[in-house]
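Reproduced below: protein-v4.csv, with CSV, C-alpha atoms.
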chain,number,residue,atom,x,y,z
A,757,MET,CA,-5.1,-20.0,-24.2
A,758,THR,CA,-8.4,-18.8,-22.9
A,759,PRO,CA,-9.5,-15.4,-24.2
A,760,ALA,CA,-10.2,-12.5,-21.9
A,761,VAL,CA,-11.4,-8.9,-22.1
A,762,LEU,CA,-10.8,-5.8,-20.1
A,763,ALA,CA,-13.2,-2.9,-20.2
A,764,LEU,CA,-12.9,0.5,-18.5
A,765,ALA,CA,-15.8,2.6,-17.4
A,766,GLY,CA,-14.7,5.4,-19.7
A,767,GLY,CA,-15.3,3.1,-22.7
A,768,ALA,CA,-11.9,1.7,-23.6
A,769,VAL,CA,-11.8,-2.1,-24.3
A,770,PHE,CA,-8.7,-4.3,-24.4
A,771,ARG,CA,-8.6,-8.0,-25.5
A,772,GLY,CA,-6.1,-10.5,-24.4
A,773,TRP,CA,-5.6,-13.9,-22.7
A,774,SER,CA,-6.4,-15.2,-19.3
A,775,ILE,CA,-3.4,-16.3,-17.2
A,776,GLY,CA,-5.1,-16.6,-13.8
A,777,ALA,CA,-8.3,-17.8,-12.4
A,778,ASP,CA,-11.4,-18.2,-14.5
A,779,GLY,CA,-14.3,-15.8,-14.0
A,780,GLU,CA,-14.7,-12.1,-13.7
A,781,THR,CA,-13.6,-9.3,-11.4
A,782,HIS,CA,-14.1,-5.5,-11.2
A,783,GLY,CA,-12.4,-2.7,-9.3
A,784,GLU,CA,-10.5,0.5,-9.7
A,785,VAL,CA,-7.8,0.2,-12.4
A,786,VAL,CA,-4.5,1.7,-11.4
A,787,PHE,CA,-1.0,1.4,-12.8
A,788,ASN,CA,2.2,0.6,-10.9
A,789,THR,CA,5.6,1.6,-12.3
A,790,ALA,CA,7.8,-0.7,-10.1
A,791,MET,CA,10.2,-2.8,-12.1
A,792,THR,CA,10.2,-5.7,-9.6
A,793,GLY,CA,8.1,-7.0,-6.7
A,794,TYR,CA,4.9,-8.2,-8.4
A,795,GLN,CA,4.2,-10.7,-5.6
A,796,GLU,CA,4.7,-8.0,-2.9
A,797,ILE,CA,2.4,-5.7,-4.9
A,798,LEU,CA,-0.4,-8.3,-5.3
A,799,THR,CA,-0.3,-9.3,-1.7
A,800,ASP,CA,-0.3,-5.8,-0.3
A,801,PRO,CA,-3.7,-5.2,1.4
A,802,SER,CA,-3.6,-1.6,0.2
A,803,TYR,CA,-4.7,-3.0,-3.3
A,804,CYS,CA,-8.0,-4.3,-2.0
A,805,ARG,CA,-10.7,-3.7,-4.6
A,806,GLN,CA,-8.1,-2.5,-7.2
A,807,ILE,CA,-7.1,-4.0,-10.5
A,808,VAL,CA,-3.3,-3.5,-10.9
A,809,THR,CA,-1.7,-2.7,-14.2
A,810,LEU,CA,2.1,-3.3,-14.2
A,811,THR,CA,3.9,-1.0,-16.6
A,812,VAL,CA,7.0,-3.3,-16.8
A,813,PRO,CA,6.4,-5.4,-20.0
A,814,HIS,CA,7.5,-8.8,-18.7
A,815,VAL,CA,5.9,-10.1,-15.6
A,816,GLY,CA,6.3,-13.5,-14.0
A,817,ASN,CA,9.8,-14.4,-15.2
A,818,THR,CA,11.0,-15.3,-11.6
A,819,GLY,CA,8.0,-17.3,-10.7
A,820,ALA,CA,6.5,-17.2,-7.2
A,821,ASN,CA,7.3,-18.2,-3.7
A,822,ARG,CA,5.7,-18.0,-0.2
A,823,GLU,CA,8.5,-15.8,1.2
A,824,ASP,CA,7.6,-12.8,-0.8
A,825,TYR,CA,4.0,-12.5,0.4
A,826,GLU,CA,3.3,-9.2,2.2
A,827,SER,CA,0.2,-10.7,3.8
A,828,ASP,CA,-1.6,-14.0,3.9
A,829,ARG,CA,-3.1,-13.8,0.4
A,830,VAL,CA,-3.5,-11.8,-2.7
A,831,TYR,CA,-5.6,-8.7,-2.1
A,832,ALA,CA,-5.6,-7.1,-5.5
A,833,ALA,CA,-8.9,-7.5,-7.4
A,834,GLY,CA,-7.1,-8.5,-10.6
A,835,LEU,CA,-3.9,-8.1,-12.6
A,836,ILE,CA,-3.1,-6.7,-16.1
A,837,ILE,CA,0.2,-7.3,-17.9
A,838,ARG,CA,1.7,-7.0,-21.3
A,839,ASP,CA,3.6,-10.3,-21.5
A,840,LEU,CA,4.0,-13.5,-19.6
A,841,PRO,CA,7.4,-15.0,-20.3
A,842,VAL,CA,7.5,-18.6,-21.5
A,843,VAL,CA,10.5,-19.4,-19.3
A,844,GLU,CA,10.7,-18.8,-15.5
A,845,SER,CA,14.1,-18.9,-13.8
A,846,ASN,CA,15.0,-18.1,-10.2
A,847,TRP,CA,16.6,-20.1,-7.4
A,848,ARG,CA,13.8,-19.0,-5.0
A,849,ARG,CA,11.0,-20.0,-7.3
A,850,ASP,CA,8.7,-22.8,-6.0
A,851,THR,CA,5.6,-22.1,-8.0
A,852,ALA,CA,4.9,-21.0,-11.6
A,853,PHE,CA,3.4,-17.5,-11.8
A,854,GLY,CA,0.3,-18.7,-13.5
A,855,ASP,CA,-0.3,-21.4,-10.9
A,856,PHE,CA,0.2,-18.8,-8.2
A,857,LEU,CA,-2.5,-16.6,-9.7
A,858,ARG,CA,-4.9,-19.6,-10.1
A,859,ASP,CA,-4.2,-20.9,-6.6
A,860,GLU,CA,-5.0,-17.4,-5.2
A,861,GLY,CA,-8.2,-17.1,-7.3
A,862,THR,CA,-6.8,-14.0,-9.0
A,863,VAL,CA,-8.3,-13.1,-12.4
A,864,ALA,CA,-5.5,-11.8,-14.7
A,865,ILE,CA,-5.1,-10.8,-18.3
A,866,THR,CA,-2.0,-10.7,-20.6
A,867,GLY,CA,-1.5,-9.4,-24.1
A,868,VAL,CA,-2.8,-5.9,-23.2
A,869,ASP,CA,-1.1,-2.8,-24.6
A,870,THR,CA,-0.2,-1.5,-21.1
A,871,ARG,CA,1.4,1.6,-22.5
A,872,ARG,CA,-1.9,2.7,-24.1
A,873,LEU,CA,-3.8,1.7,-20.9
A,874,THR,CA,-1.4,3.7,-18.7
A,875,ARG,CA,-1.8,6.8,-21.0
A,876,ILE,CA,-5.6,6.5,-20.6
A,877,LEU,CA,-5.4,6.3,-16.9
A,878,ARG,CA,-2.9,9.3,-16.7
A,879,GLU,CA,-5.1,11.4,-19.0
A,880,GLU,CA,-8.6,10.4,-17.8
A,881,GLY,CA,-7.7,9.3,-14.2
A,882,ALA,CA,-8.1,6.0,-12.4
A,883,GLN,CA,-11.4,4.5,-13.2
A,884,GLN,CA,-13.5,1.4,-12.6
A,885,GLY,CA,-12.8,-1.6,-14.8
A,886,CYS,CA,-13.8,-5.2,-15.3
A,887,ILE,CA,-12.0,-8.3,-16.6
A,888,LEU,CA,-14.0,-11.2,-18.0
A,889,THR,CA,-12.4,-14.5,-19.0
A,890,GLY,CA,-13.7,-17.2,-21.3
A,891,SER,CA,-15.1,-15.2,-24.2
A,892,ASP,CA,-15.1,-11.8,-25.9
A,893,ARG,CA,-18.0,-10.2,-24.0
A,894,ALA,CA,-17.0,-6.6,-24.3
A,895,GLU,CA,-20.4,-5.1,-23.7
A,896,GLU,CA,-21.0,-7.2,-20.6
A,897,ALA,CA,-17.5,-6.2,-19.2
A,898,LEU,CA,-18.3,-2.5,-20.0
A,899,ALA,CA,-21.6,-2.7,-18.2
A,900,GLN,CA,-20.0,-4.2,-15.1
A,901,ALA,CA,-17.2,-1.6,-15.1
A,902,ARG,CA,-19.7,1.2,-15.2
A,903,ALA,CA,-21.8,-0.4,-12.4
A,904,ALA,CA,-18.9,-1.0,-10.0
A,905,PRO,CA,-18.7,1.4,-7.0
A,906,GLY,CA,-15.8,3.9,-6.8
A,907,MET,CA,-13.3,4.3,-4.0
A,908,VAL,CA,-14.6,7.6,-2.7
A,909,GLY,CA,-16.5,7.0,0.5
A,910,MET,CA,-15.4,3.4,0.7
A,911,ASP,CA,-14.1,2.2,4.1
A,912,LEU,CA,-11.9,-0.8,3.4
A,913,ALA,CA,-9.6,-0.7,6.5
A,914,ARG,CA,-12.1,-2.6,8.5
A,915,VAL,CA,-12.5,-5.1,5.6
A,916,VAL,CA,-8.8,-6.1,5.5
A,917,SER,CA,-7.9,-5.7,9.1
A,918,VAL,CA,-7.4,-8.6,11.6
A,919,ILE,CA,-10.3,-9.5,13.8
A,920,SER,CA,-8.4,-10.1,17.0
A,921,PRO,CA,-5.1,-8.6,18.5
A,922,TYR,CA,-1.9,-10.7,18.1
A,923,GLU,CA,1.8,-10.5,18.9
A,924,TRP,CA,4.1,-10.3,15.9
A,925,SER,CA,6.6,-13.1,16.3
A,926,ALA,CA,7.9,-13.9,12.8
A,927,GLU,CA,11.4,-13.5,11.7
A,928,THR,CA,12.5,-9.9,11.3
A,929,GLY,CA,14.4,-10.1,8.0
A,930,ASP,CA,15.6,-7.4,5.7
A,931,PRO,CA,19.3,-6.5,6.6
A,932,ASN,CA,18.9,-3.2,4.7
A,933,LEU,CA,16.8,-1.8,7.6
A,934,ASP,CA,19.0,-3.4,10.3
A,935,TRP,CA,20.4,-0.1,11.8
A,936,THR,CA,19.4,-1.1,15.3
A,937,GLY,CA,21.6,-4.1,15.7
A,938,GLY,CA,18.9,-6.8,15.6
A,939,PRO,CA,15.4,-7.6,16.8
A,940,GLY,CA,14.4,-5.1,19.4
A,941,GLY,CA,17.9,-3.6,19.1
A,942,ALA,CA,16.7,-0.1,19.7
A,943,GLY,CA,15.8,-1.0,23.3
A,944,PHE,CA,12.1,-0.2,23.4
A,945,ASP,CA,9.7,-2.6,25.1
A,946,ARG,CA,6.5,-2.4,23.1
A,947,ILE,CA,5.1,-0.8,20.0
A,948,VAL,CA,1.4,-1.1,19.2
A,949,ALA,CA,0.5,-1.2,15.5
A,950,TYR,CA,-3.0,-0.5,14.2
A,951,ASP,CA,-3.8,-2.8,11.3
A,952,TYR,CA,-5.6,-0.9,8.6
A,953,GLY,CA,-4.0,-3.3,6.0
A,954,ILE,CA,-0.5,-3.7,7.5
A,955,LYS,CA,2.4,-5.2,5.5
A,956,ARG,CA,4.8,-7.8,6.9
A,957,ASN,CA,7.8,-5.8,6.1
A,958,ILE,CA,6.5,-3.0,8.3
A,959,LEU,CA,6.1,-5.5,11.1
A,960,ARG,CA,9.7,-6.6,10.5
A,961,SER,CA,10.9,-3.0,10.7
A,962,LEU,CA,9.0,-2.3,13.9
A,963,ALA,CA,10.4,-5.5,15.4
A,964,ARG,CA,13.8,-4.0,15.0
A,965,LEU,CA,12.8,-1.2,17.3
A,966,ALA,CA,11.0,-3.0,20.1
A,967,ARG,CA,11.0,-6.4,21.8
A,968,HIS,CA,7.2,-6.7,21.5
A,969,VAL,CA,5.0,-5.6,18.6
A,970,THR,CA,1.3,-5.9,19.3
A,971,VAL,CA,-1.1,-5.6,16.4
A,972,LEU,CA,-4.6,-4.3,17.0
A,973,PRO,CA,-7.7,-4.4,14.7
A,974,ALA,CA,-8.5,-1.2,12.9
A,975,GLU,CA,-11.5,-0.6,15.1
A,976,ALA,CA,-9.8,-1.1,18.4
A,977,PRO,CA,-10.4,1.9,20.7
A,978,ALA,CA,-7.6,4.1,21.9
A,979,SER,CA,-8.1,2.8,25.5
A,980,GLU,CA,-7.1,-0.7,24.3
A,981,ALA,CA,-3.9,0.5,22.8
A,982,LEU,CA,-3.0,2.8,25.7
A,983,ALA,CA,-3.7,0.1,28.3
A,984,LEU,CA,-0.6,-1.8,26.9
A,985,LYS,CA,1.6,1.2,27.9
A,986,PRO,CA,3.4,1.2,24.6
A,987,ASP,CA,6.6,3.3,23.8
A,988,GLY,CA,4.9,4.3,20.6
A,989,ILE,CA,1.8,3.6,18.4
A,990,PHE,CA,2.0,2.9,14.7
A,991,LEU,CA,-0.8,3.6,12.2
A,992,SER,CA,-0.4,1.3,9.2
A,993,ASN,CA,-1.0,1.5,5.5
A,994,GLY,CA,-4.3,0.3,4.0
A,995,PRO,CA,-6.9,0.6,1.2
A,996,GLY,CA,-9.8,2.9,0.5
A,997,ASP,CA,-10.9,6.4,1.5
A,998,PRO,CA,-9.6,7.6,4.9
A,999,GLU,CA,-12.5,9.9,5.6
A,1000,PRO,CA,-15.1,7.2,6.4
A,1001,CYS,CA,-12.7,5.7,9.0
A,1002,THR,CA,-14.2,7.7,11.8
A,1003,TYR,CA,-13.4,5.0,14.4
A,1004,ALA,CA,-9.7,5.4,13.6
A,1005,ILE,CA,-9.8,9.2,13.5
A,1006,GLU,CA,-11.4,9.3,16.9
A,1007,ALA,CA,-8.9,6.8,18.3
A,1008,VAL,CA,-5.9,8.8,17.0
A,1009,ARG,CA,-7.3,12.0,18.6
A,1010,GLU,CA,-7.3,10.3,22.0
A,1011,ILE,CA,-3.9,8.8,21.4
A,1012,LEU,CA,-2.5,12.2,20.6
A,1013,GLU,CA,-4.0,13.7,23.7
A,1014,SER,CA,-2.2,11.1,25.7
A,1015,GLY,CA,1.2,12.3,24.4
A,1016,THR,CA,2.2,8.8,23.2
A,1017,PRO,CA,4.5,9.0,20.1
A,1018,VAL,CA,2.8,8.2,16.8
A,1019,LEU,CA,4.1,7.3,13.4
A,1020,GLY,CA,1.6,7.0,10.5
A,1021,ILE,CA,2.4,5.5,7.1
A,1022,CYS,CA,0.2,5.9,3.9
A,1023,LEU,CA,-3.4,5.5,5.1
A,1024,GLY,CA,-2.2,5.9,8.7
A,1025,HIS,CA,-0.6,9.2,7.6
A,1026,GLN,CA,-3.9,10.4,6.1
A,1027,ILE,CA,-5.8,9.4,9.3
A,1028,LEU,CA,-3.3,11.3,11.4
A,1029,GLY,CA,-3.8,14.3,9.3
A,1030,LEU,CA,-7.6,14.1,9.6
A,1031,ALA,CA,-7.4,13.6,13.3
A,1032,CYS,CA,-5.5,16.9,13.6
A,1033,GLY,CA,-8.0,18.8,11.4
A,1034,ALA,CA,-6.6,18.5,7.9
A,1035,GLN,CA,-8.5,17.4,4.8
A,1036,THR,CA,-7.9,14.6,2.3
A,1037,MET,CA,-8.6,14.4,-1.4
A,1038,LYS,CA,-9.0,11.7,-4.1
A,1039,MET,CA,-6.0,11.9,-6.5
A,1040,LYS,CA,-6.5,11.7,-10.3
A,1041,PHE,CA,-4.5,8.5,-10.7
A,1042,GLY,CA,-2.6,8.2,-7.4
A,1043,HIS,CA,1.0,7.1,-6.8
A,1044,HIS,CA,1.8,3.5,-7.3
A,1045,GLY,CA,5.4,2.4,-7.9
A,1046,ALA,CA,8.9,2.3,-6.5
A,1047,ASN,CA,10.6,5.2,-8.2
A,1048,HIS,CA,8.9,8.3,-6.8
A,1049,PRO,CA,11.2,11.2,-5.9
A,1050,ILE,CA,10.3,13.2,-2.8
A,1051,VAL,CA,12.1,16.1,-1.2
A,1052,ASP,CA,12.8,16.6,2.6
A,1053,LEU,CA,11.7,20.2,3.1
A,1054,GLU,CA,14.0,20.6,6.1
A,1055,SER,CA,17.3,19.2,4.6
A,1056,GLY,CA,16.6,19.7,0.9
A,1057,GLU,CA,17.6,16.1,0.3
A,1058,VAL,CA,15.8,14.1,-2.4
A,1059,ALA,CA,14.9,10.4,-1.8
A,1060,ILE,CA,13.4,7.8,-4.1
A,1061,SER,CA,10.5,6.2,-2.5
A,1062,SER,CA,8.0,3.4,-2.8
A,1063,GLN,CA,4.4,4.6,-3.1
A,1064,ASN,CA,0.9,3.2,-3.1
A,1065,HIS,CA,-2.0,5.5,-2.5
A,1066,GLY,CA,-5.0,7.0,-4.3
A,1067,PHE,CA,-5.8,9.7,-1.6
A,1068,ALA,CA,-3.6,12.4,-0.1
A,1069,VAL,CA,-3.7,15.0,2.6
A,1070,GLU,CA,-4.2,18.5,1.2
A,1071,GLU,CA,-1.2,20.6,2.2
A,1072,GLU,CA,-3.3,23.7,1.9
A,1073,SER,CA,-5.6,22.4,4.6
A,1074,LEU,CA,-3.0,21.7,7.2
A,1075,PRO,CA,-4.0,23.4,10.5
A,1076,ASN,CA,-1.5,25.5,12.5
A,1077,CYS,CA,-0.6,22.5,14.7
A,1078,LEU,CA,0.9,20.6,11.7
A,1079,ARG,CA,3.8,21.4,9.3
A,1080,ALA,CA,4.7,19.8,6.0
A,1081,THR,CA,8.0,17.8,6.1
A,1082,HIS,CA,8.1,16.1,2.6
A,1083,ARG,CA,6.7,16.9,-0.8
A,1084,SER,CA,6.4,14.9,-4.1
A,1085,LEU,CA,8.6,16.0,-6.9
A,1086,PHE,CA,6.2,14.4,-9.4
A,1087,ASP,CA,3.1,16.5,-8.6
A,1088,GLY,CA,3.9,18.5,-5.5
A,1089,THR,CA,1.5,16.6,-3.3
A,1090,LEU,CA,2.2,16.4,0.5
A,1091,GLN,CA,4.4,13.4,1.4
A,1092,GLY,CA,5.1,14.0,5.1
A,1093,LEU,CA,3.9,15.9,8.1
A,1094,ALA,CA,4.8,16.5,11.7
A,1095,HIS,CA,2.9,17.9,14.7
A,1096,ARG,CA,4.4,21.1,16.0
A,1097,SER,CA,3.9,20.3,19.7
A,1098,LEU,CA,3.2,16.6,20.0
A,1099,PRO,CA,5.4,13.6,19.2
A,1100,ALA,CA,3.6,12.6,16.0
A,1101,ILE,CA,4.8,12.3,12.4
A,1102,GLY,CA,3.4,10.9,9.1
A,1103,PHE,CA,4.8,9.7,5.9
A,1104,GLN,CA,2.8,9.1,2.7
A,1105,GLY,CA,5.4,6.9,1.1
A,1106,HIS,CA,6.4,3.4,2.3
A,1107,PRO,CA,9.8,3.6,4.1
A,1108,GLU,CA,9.7,-0.2,4.6
A,1109,ALA,CA,9.7,-0.7,0.8
A,1110,SER,CA,9.2,-4.3,-0.3
A,1111,PRO,CA,9.3,-3.6,-3.2
A,1112,GLY,CA,11.3,-0.5,-3.6
A,1113,PRO,CA,14.3,1.5,-2.4
A,1114,HIS,CA,15.2,2.0,1.3
A,1115,ASP,CA,15.9,5.7,1.1
A,1116,LEU,CA,13.1,6.5,3.5
A,1117,GLY,CA,14.2,4.0,6.1
A,1118,TYR,CA,15.1,6.9,8.4
A,1119,ALA,CA,11.3,7.3,9.1
A,1120,PHE,CA,11.7,4.5,11.6
A,1121,GLN,CA,14.8,6.2,13.1
A,1122,ARG,CA,12.7,9.4,13.5
A,1123,PHE,CA,10.0,7.3,15.2
A,1124,ALA,CA,12.6,5.9,17.6
A,1125,GLY,CA,13.8,9.5,18.3
A,1126,LEU,CA,10.2,10.5,19.3
A,1127,MET,CA,10.0,7.4,21.6
A,1128,SER,CA,13.4,8.3,23.2
A,1129,ASP,CA,12.4,11.9,24.1
Represent the structure contained in this file as structure tokens.
Amino acid sequence: MTPAVLALAGGAVFRGWSIGADGETHGEVVFNTAMTGYQEILTDPSYCRQIVTLTVPHVGNTGANREDYESDRVYAAGLIIRDLPVVESNWRRDTAFGDFLRDEGTVAITGVDTRRLTRILREEGAQQGCILTGSDRAEEALAQARAAPGMVGMDLARVVSVISPYEWSAETGDPNLDWTGGPGGAGFDRIVAYDYGIKRNILRSLARLARHVTVLPAEAPASEALALKPDGIFLSNGPGDPEPCTYAIEAVREILESGTPVLGICLGHQILGLACGAQTMKMKFGHHGANHPIVDLESGEVAISSQNHGFAVEEESLPNCLRATHRSLFDGTLQGLAHRSLPAIGFQGHPEASPGPHDLGYAFQRFAGLMSD
């Protein structure tokens, strides 16, 4: 096998073996605690410019297939795992995991002590890293890691977004979220979705609410969305820092003034908060995984959620027009908000899952409720 080296900006160096594309990559190194769903994770646009460490020790044992893509390609900057199993077995497998990584041009390293790496990230925080393949060039990897730009101030929504509007017309899938009785079963005519890095399973979920789902680029003005006379407007997940997305913040302010119902998820939740006057912060190591407990502050019920974010809305900064609806039981950070007088709600977690539990699927029901009022 080809040797590879991983270096963190803080000085830690890990040696292993290349299992993906040859070359080098750099980005913010984060850890994800999900037990399954490595394809969905790697193809989630929210991981743009991030190198993902998977804490589960064996990765790739079910191979890869086209059906489990959450976008049109791998967006993660790289992959770090402990062990690549020799045998792959799954009836849906059509590509070996290593071939999938090479075909997607994804630099990846195996043989890394991911427990030690995760401890470093938890104690020191997410930091820039670099993976080099082909030789043991630790000093070069370290220099590249330290020279790589951080996530603060980085507007990536416009980088991963579509260029032109389109109508979502793919299959709607996922029977776990089929509480409406089929595509468009909730009876709404149209939902407009802003693409800041949208996942396919979000589109499937929205298609169960409305007969038409129109996807707009991240920089589309509010007038373009409102001209479609939608029943509701959705603000998607996405990568990077929400504060530089001034075009999105301004658009959301106009949308709120129109009284059109709004649901924001992940980055969209943060943009909604900023549009209403709240502030956001960079988290120490973020939330990445499918086992995060959150509490509904109204009902007191606890749900296990899928999470993927490195920024959060500061609950202490919420203006009087917003109220907190959900909070993380890991670190107490804000996980949900609602406008007190306008039909607008936001969720930090991913109710569409993929991968992860469907406990928060009711977020789409609440969105439907806003559109029905």
| Proximity to Glu923 (chain A) - best of A:Ser961, A:Ser1014, A:Thr1036, A:Thr970, all atoms listed in the file | A:Thr970
| message | So the first atom is CA of Gln795 (chain A) and the second is CA of Lys1038 (chain A); what is the distance between them in Å, to one decimal place? | response | 26.0 Å
What's around region 998-1001 of chain A at 9 Å? Count only C-alpha atoms, leave out sequence neighbours fewer than 6 positions away in its own chain, and write the answer as a CSV table (one decimal) with C-alpha atoms, in the coordinates of the input.
chain,number,residue,atom,x,y,z
A,908,VAL,CA,-14.6,7.6,-2.7
A,909,GLY,CA,-16.5,7.0,0.5
A,910,MET,CA,-15.4,3.4,0.7
A,911,ASP,CA,-14.1,2.2,4.1
A,912,LEU,CA,-11.9,-0.8,3.4
A,913,ALA,CA,-9.6,-0.7,6.5
A,914,ARG,CA,-12.1,-2.6,8.5
A,974,ALA,CA,-8.5,-1.2,12.9
A,975,GLU,CA,-11.5,-0.6,15.1
A,1023,LEU,CA,-3.4,5.5,5.1
A,1024,GLY,CA,-2.2,5.9,8.7
A,1026,GLN,CA,-3.9,10.4,6.1
A,1027,ILE,CA,-5.8,9.4,9.3
A,1030,LEU,CA,-7.6,14.1,9.6
A,1035,GLN,CA,-8.5,17.4,4.8
A,1036,THR,CA,-7.9,14.6,2.3
A,1067,PHE,CA,-5.8,9.7,-1.6
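Using all atoms listed in the file, the nearest neighbour of Trp924 (chain A) within the list A:Pro905, A:Arg956, A:Glu895, A:Ala1059 is A:Arg956.
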Select all residues near (11.2, 5.6, 5.5) (cut-off 6 Å, inclusive, file coordinates), counting all atoms listed in the file, and output them as a compact mmCIF listing (two decimals) with C-alpha atoms, in the coordinates of the input.
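Wrote selection-v5.txt, looks like this:
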# COMPACT_ATOMS: atom_id res chain seq x y z
CA PRO A 1107 9.80 3.60 4.10
CA LEU A 1116 13.10 6.50 3.50
CA GLY A 1117 14.20 4.00 6.10
CA TYR A 1118 15.10 6.90 8.40
CA ALA A 1119 11.30 7.30 9.10
| query | Nearest to Gln884 (chain A) among A:Arg858, A:His782, A:Arg848, A:Arg964, with distances taken over all atoms listed in the file: which residue is it? | reply |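 With all atoms listed in the file as the atom set, the closest residue is A:His782.
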| Gap from CA of Leu857 (chain A) to CA of Gly783 (chain A) - Å, one decimal |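 According to the coordinates, CA of Leu857 (chain A) and CA of Gly783 (chain A) are separated by 17.1 Å.
Shown here are all protein and nucleic acid residues lying within 10 Å of (0.2, 23.2, 2.1), with only C-alpha atoms considered: Val1069, Glu1070, Glu1071, Glu1072, Ser1073, Leu1074, Pro1075, Leu1078, Arg1079, Ala1080, Arg1083, Gly1088, Thr1089 and Leu1090 of chain A.
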Long-range neighbours of Val948 (chain A) as a PDB file with C-alpha atoms, keeping the file's coordinate frame, 12 Å cut-off, all atoms listed in the file, 3 positions minimum in chain:
ATOM      1  CA  PRO A 921      -5.100  -8.600  18.500  1.00  0.00           C
ATOM      2  CA  TYR A 922      -1.900 -10.700  18.100  1.00  0.00           C
ATOM      3  CA  GLU A 923       1.800 -10.500  18.900  1.00  0.00           C
ATOM      4  CA  TRP A 924       4.100 -10.300  15.900  1.00  0.00           C
ATOM      5  CA  PHE A 944      12.100  -0.200  23.400  1.00  0.00           C
ATOM      6  CA  ASP A 945       9.700  -2.600  25.100  1.00  0.00           C
ATOM      7  CA  ASP A 951      -3.800  -2.800  11.300  1.00  0.00           C
ATOM      8  CA  LEU A 959       6.100  -5.500  11.100  1.00  0.00           C
ATOM      9  CA  LEU A 962       9.000  -2.300  13.900  1.00  0.00           C
ATOM     10  CA  ALA A 963      10.400  -5.500  15.400  1.00  0.00           C
ATOM     11  CA  LEU A 965      12.800  -1.200  17.300  1.00  0.00           C
ATOM     12  CA  ALA A 966      11.000  -3.000  20.100  1.00  0.00           C
ATOM     13  CA  ARG A 967      11.000  -6.400  21.800  1.00  0.00           C
ATOM     14  CA  HIS A 968       7.200  -6.700  21.500  1.00  0.00           C
ATOM     15  CA  VAL A 969       5.000  -5.600  18.600  1.00  0.00           C
ATOM     16  CA  THR A 970       1.300  -5.900  19.300  1.00  0.00           C
ATOM     17  CA  VAL A 971      -1.100  -5.600  16.400  1.00  0.00           C
ATOM     18  CA  LEU A 972      -4.600  -4.300  17.000  1.00  0.00           C
ATOM     19  CA  PRO A 973      -7.700  -4.400  14.700  1.00  0.00           C
ATOM     20  CA  ALA A 974      -8.500  -1.200  12.900  1.00  0.00           C
ATOM     21  CA  ALA A 976      -9.800  -1.100  18.400  1.00  0.00           C
ATOM     22  CA  ALA A 978      -7.600   4.100  21.900  1.00  0.00           C
ATOM     23  CA  GLU A 980      -7.100  -0.700  24.300  1.00  0.00           C
ATOM     24  CA  ALA A 981      -3.900   0.500  22.800  1.00  0.00           C
ATOM     25  CA  LEU A 982      -3.000   2.800  25.700  1.00  0.00           C
ATOM     26  CA  ALA A 983      -3.700   0.100  28.300  1.00  0.00           C
ATOM     27  CA  LEU A 984      -0.600  -1.800  26.900  1.00  0.00           C
ATOM     28  CA  LYS A 985       1.600   1.200  27.900  1.00  0.00           C
ATOM     29  CA  PRO A 986       3.400   1.200  24.600  1.00  0.00           C
ATOM     30  CA  ASP A 987       6.600   3.300  23.800  1.00  0.00           C
ATOM     31  CA  GLY A 988       4.900   4.300  20.600  1.00  0.00           C
ATOM     32  CA  ILE A 989       1.800   3.600  18.400  1.00  0.00           C
ATOM     33  CA  PHE A 990       2.000   2.900  14.700  1.00  0.00           C
ATOM     34  CA  LEU A 991      -0.800   3.600  12.200  1.00  0.00           C
ATOM     35  CA  SER A 992      -0.400   1.300   9.200  1.00  0.00           C
ATOM     36  CA  ILE A1011      -3.900   8.800  21.400  1.00  0.00           C
ATOM     37  CA  THR A1016       2.200   8.800  23.200  1.00  0.00           C
ATOM     38  CA  PRO A1017       4.500   9.000  20.100  1.00  0.00           C
ATOM     39  CA  VAL A1018       2.800   8.200  16.800  1.00  0.00           C
ATOM     40  CA  LEU A1019       4.100   7.300  13.400  1.00  0.00           C
ATOM     41  CA  GLY A1020       1.600   7.000  10.500  1.00  0.00           C
TER      42      GLY A1020
END
| Residue nearest Tyr952 (chain A) - candidates A:Ser891, A:Thr758, A:Ser802, A:Gln1104, atoms counted: only C-alpha atoms |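 With only C-alpha atoms as the atom set, the closest residue is A:Ser802.
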| Which residue, A:Tyr950, A:Pro1049, A:Ser1084, A:Gly854, has the smallest gap to Tyr1003 (chain A) when you use all atoms listed in the file? |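 Checking each candidate against Tyr1003 (chain A), we get A:Tyr950 as the closest.
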| Length of the CA of Gly834 (chain A) to CA of Gln900 (chain A) vector [Å] |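 CA of Gln900 (chain A) lies 14.3 Å from CA of Gly834 (chain A).
Minimum atom-to-atom distance to Arg872 (chain A), evaluated using all atoms listed in the file, belongs to A:Val769 out of A:Ala1031, A:Val769, A:Leu1093, A:Cys804.
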